[in-house]
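Below is one structure, written out as structure tokens; comments come after it.
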Amino acid sequence: SSAALSLTMARCCEAGLRHDGNLVALLPVLRFIGLDGEAAMLAATNGVNTQKGLLFSLGITAAAVGWLFAVNRQVTAVSITSAIKEMTEGIVERELLALSGKTNCELTAGERLFRAYGTRGIRGEMEDGLPAVKYMALPALQAALGRGLSINQALLQTLFVLMAVVEDTTVINRHSPDKLVNWVRPLVESFLKDGGVYSDEGYGRAAELDQWFIEHNVSPGGAADLLAITWFLHALESRLNSEEAGRNKTSF
């Protein structure tokens, strides 16, 4: 499904590059592209929704990057998340507070959770400018890489950091907010308190937690989506900084 969504992400970025107008007006264009992407994903997975949340969040992120390039603004994690916040302004009110006319069977999972628990999910995270990514995940990832962890180790550590703070609708949808707050988070927080992946037993404990989550049907899909965005922002910034350094070097 990741491969199936690659063209959709490119189209979202191109939509940002070609957009002429305010950022809020770009969102309906992305929804049209997203419908094609969702169909491609479902065709690749025989009808299983594996990455609809990522299609929404990373598609908007890719479009924000394209728009920043188009208007000749600096492309950084800060400017990208600011553009995302501007693009999705009011999305919770428009899409989640206006559900009175729908029956439960007509609602998406995110809409049902908002009606039942007030959970804003990925819409709220995007509307707030991805605070979990900007203030928690990116610093954790960069610190881990700076301390010499491999990419895989650094991403694993960052995933646990996200699991400790994200209002994960995948977990809540399968269980309840109580399962997330009083079962998942204490396990993750204990793991991080003991050093996480940095500790000698870190990988082994992570594997044990993985098995424990599988047995309890706990899948941190929301945190995983934000991990993908975190890596995208880090990799993009790193590449742009490297290119800028190369241009400065050749100018002397």
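All residue names refer to the structure tokens as shown: chains lettered A, B, ... in order, residues numbered from 1 in each chain, ligands numbered from 1 in order.
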
| said: I need the alpha helix (DSSP H) residues of stretch 24-238 of chain A per DSSP on the backbone, written as number ranges by chain. | reply: A: 27-44, 52-70, 77-87, 91-95, 109-117, 121-127, 131, 138-146, 151-163, 169-174, 177-179, 185-193, 202-215, 221-238

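Close contacts of A:Val71, defined as residues with an atom at most 10 Å away when counting only C-alpha atoms, with chain neighbours fewer than 3 positions off set aside, comprise Gly16, Leu17, Arg18, His19, Asp20, Gly66, Trp67, Leu68 and Gln74 of chain A.
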
| task | Kindly indicate which residue among A:Ser1, A:Glu93, A:Thr61, A:Gly195 lies nearest to A:Val48, using only C-alpha atoms for the distances. | result | A:Ser1

| Which residue, A:Gly90, A:Val65, A:Asn173, A:Gly59, has the smallest gap to A:Phe114 when you use only C-alpha atoms? | A:Asn173

| field | For A:Met87, the nearest of the candidates A:Ala44, A:Leu155, A:Ala116, A:Ala25, counting only C-alpha atoms | value | A:Ala25

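For the residues A:Asn248, A:Thr50, A:Thr76, A:Thr158, ranking by smallest atom-to-atom distance to A:Gly196 using only C-alpha atoms places A:Thr158 first.
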
| task | Quick one: pull the distance between atom CA of A:Asn46 and atom CA of A:Val29, Å, one decimal. | result | 26.2 Å

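Near A:Ile84, within a cut-off of 7 Å and counting only C-alpha atoms, sit the residues Ile60, Thr61, Ala64, Ile80, Thr81, Met87, Thr88, Met126 and Gly129 of chain A, with same-chain residues fewer than 3 positions away left out.
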
Can you list, as a CSV table (one decimal) with C-alpha atoms, in the first residue's frame, every protein, DNA or RNA residue that comes within 12 Å of stretch 242-247 of chain A when you count only C-alpha atoms, leaving out same-chain residues fewer than 5 positions away?
chain,number,residue,atom,x,y,z
A,74,GLN,CA,12.3,28.7,3.1
A,75,VAL,CA,11.4,25.0,3.5
A,235,ALA,CA,15.0,13.7,5.7
A,236,LEU,CA,13.8,16.7,3.6
A,237,GLU,CA,15.5,19.2,5.9
A,252,PHE,CA,34.2,30.1,-3.2

| said: Counting only C-alpha atoms, which residue out of A:Ser176, A:Gln142, A:Ser82, A:Gln157 sits closest to A:Ser238? | reply: A:Gln142

| Neighbour list for A:Val133 as a PyMOL selection string, cut-off 12 Å, only C-alpha atoms, skip fewer than 6 positions in-chain | chain A and resi 57+77-78+80-81+122+125-126+139-142+158-159+161-163+165-166+222-234

May I have the selected residues written with N, CA, C and O atoms, as a compact mmCIF listing (two decimals), in the first residue's frame?
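Saved to selection15.txt:
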# COMPACT_ATOMS: atom_id res chain seq x y z
N SER A 57 -2.70 12.71 6.22
CA SER A 57 -1.71 13.56 6.89
C SER A 57 -0.47 13.81 6.04
O SER A 57 0.00 14.95 5.93
N ALA A 77 11.12 22.34 8.76
CA ALA A 77 10.06 21.69 9.53
C ALA A 77 9.11 22.73 10.11
O ALA A 77 7.89 22.53 10.14
N VAL A 78 9.66 23.84 10.57
CA VAL A 78 8.83 24.90 11.16
C VAL A 78 7.91 25.53 10.12
O VAL A 78 6.71 25.71 10.35
N ILE A 80 6.94 24.24 7.28
CA ILE A 80 5.99 23.24 6.78
C ILE A 80 4.84 23.06 7.75
O ILE A 80 3.66 23.06 7.36
N THR A 81 5.14 22.92 9.03
CA THR A 81 4.07 22.73 10.01
C THR A 81 3.21 23.99 10.14
O THR A 81 2.01 23.89 10.38
N ILE A 122 -6.26 12.88 14.20
CA ILE A 122 -5.28 13.46 13.29
C ILE A 122 -5.73 14.83 12.79
O ILE A 122 -4.90 15.70 12.51
N GLU A 125 -4.52 17.21 15.37
CA GLU A 125 -3.06 17.31 15.32
C GLU A 125 -2.61 18.19 14.16
O GLU A 125 -1.73 19.04 14.31
N MET A 126 -3.23 18.01 12.99
CA MET A 126 -2.86 18.81 11.83
C MET A 126 -3.27 20.27 12.04
O MET A 126 -2.50 21.19 11.73
N PRO A 139 12.76 16.31 17.79
CA PRO A 139 13.91 16.38 18.70
C PRO A 139 14.39 15.01 19.15
O PRO A 139 15.61 14.78 19.26
N ALA A 140 13.45 14.07 19.38
CA ALA A 140 13.85 12.72 19.80
C ALA A 140 14.62 12.01 18.70
O ALA A 140 15.63 11.35 18.95
N LEU A 141 14.13 12.13 17.46
CA LEU A 141 14.80 11.49 16.33
C LEU A 141 16.19 12.06 16.12
O LEU A 141 17.18 11.33 15.95
N GLN A 142 16.30 13.38 16.13
CA GLN A 142 17.59 14.02 15.88
C GLN A 142 18.58 13.73 17.00
O GLN A 142 19.77 13.53 16.76
N THR A 158 11.83 6.92 18.59
CA THR A 158 10.90 8.01 18.31
C THR A 158 9.46 7.52 18.30
O THR A 158 8.55 8.24 18.75
N LEU A 159 9.23 6.32 17.82
CA LEU A 159 7.88 5.76 17.84
C LEU A 159 7.36 5.67 19.27
O LEU A 159 6.21 6.04 19.55
N VAL A 161 8.31 7.47 21.80
CA VAL A 161 8.07 8.84 22.27
C VAL A 161 6.70 9.32 21.81
O VAL A 161 5.94 9.92 22.58
N LEU A 162 6.35 9.04 20.56
CA LEU A 162 5.03 9.43 20.04
C LEU A 162 3.91 8.66 20.73
O LEU A 162 2.86 9.23 21.06
N MET A 163 4.12 7.39 20.98
CA MET A 163 3.10 6.57 21.63
C MET A 163 2.77 7.10 23.02
O MET A 163 1.65 6.92 23.52
N VAL A 165 2.53 10.20 23.91
CA VAL A 165 1.84 11.50 23.93
C VAL A 165 0.68 11.62 22.94
O VAL A 165 -0.19 12.49 23.13
N VAL A 166 0.63 10.79 21.92
CA VAL A 166 -0.36 10.97 20.84
C VAL A 166 -1.73 10.42 21.26
O VAL A 166 -1.84 9.36 21.87
N GLY A 222 -1.89 5.58 14.74
CA GLY A 222 -1.78 7.04 14.72
C GLY A 222 -0.36 7.50 14.97
O GLY A 222 0.15 8.40 14.28
N ALA A 223 0.31 6.89 15.94
CA ALA A 223 1.70 7.22 16.22
C ALA A 223 2.59 6.85 15.04
O ALA A 223 3.54 7.58 14.70
N ALA A 224 2.29 5.74 14.39
CA ALA A 224 3.09 5.31 13.24
C ALA A 224 2.97 6.29 12.08
O ALA A 224 3.97 6.58 11.40
N ASP A 225 1.77 6.82 11.85
CA ASP A 225 1.59 7.82 10.80
C ASP A 225 2.43 9.06 11.09
O ASP A 225 3.08 9.62 10.19
N LEU A 226 2.42 9.51 12.32
CA LEU A 226 3.19 10.69 12.69
C LEU A 226 4.70 10.41 12.65
O LEU A 226 5.49 11.31 12.39
N LEU A 227 5.08 9.16 12.88
CA LEU A 227 6.49 8.79 12.73
C LEU A 227 6.92 8.94 11.28
O LEU A 227 8.02 9.42 11.00
N ALA A 228 6.06 8.54 10.35
CA ALA A 228 6.37 8.68 8.93
C ALA A 228 6.56 10.15 8.56
O ALA A 228 7.48 10.52 7.82
N ILE A 229 5.69 11.02 9.08
CA ILE A 229 5.81 12.45 8.82
C ILE A 229 7.10 12.99 9.44
O ILE A 229 7.80 13.82 8.84
N THR A 230 7.42 12.51 10.64
CA THR A 230 8.66 12.94 11.31
C THR A 230 9.87 12.62 10.46
O THR A 230 10.76 13.46 10.27
N TRP A 231 9.92 11.40 9.95
CA TRP A 231 11.06 11.01 9.12
C TRP A 231 11.11 11.82 7.83
O TRP A 231 12.17 12.25 7.39
N PHE A 232 9.95 12.05 7.24
CA PHE A 232 9.88 12.84 6.01
C PHE A 232 10.45 14.24 6.24
O PHE A 232 11.27 14.74 5.46
N LEU A 233 10.02 14.90 7.30
CA LEU A 233 10.49 16.25 7.59
C LEU A 233 11.99 16.26 7.87
O LEU A 233 12.72 17.14 7.39
N HIS A 234 12.45 15.29 8.64
CA HIS A 234 13.89 15.22 8.95
C HIS A 234 14.70 14.98 7.68
O HIS A 234 15.72 15.66 7.45

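Distances to A:Glu89 were evaluated for A:Gly204, A:Gly146, A:Gly124, A:Gly118 using only C-alpha atoms, and the minimum falls at A:Gly124.
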
| message | Using only C-alpha atoms, which protein or nucleic acid residues come within 10 Å of stretch 3-7 of chain A? Drop anything in the same chain fewer than 4 positions from it, and give the result as a list of chain:residue names. | response | A:Arg11, A:Cys12, A:Cys13, A:Gly34, A:Asp36, A:Gly37, A:Glu38, A:Ala39, A:Ala40, A:Met41, A:Leu42, A:Ala43, A:Ala44, A:Thr45, A:Gln51, A:Lys52, A:Leu54, A:Leu55, A:Gly59

| query | Which residues, written as a PyMOL selection string, have at least one atom at most 9 Å from A:Gly110, with only C-alpha atoms counted and residues fewer than 3 positions away on the same chain left out? | reply | chain A and resi 96+107+113-115+119-123+169-170+173
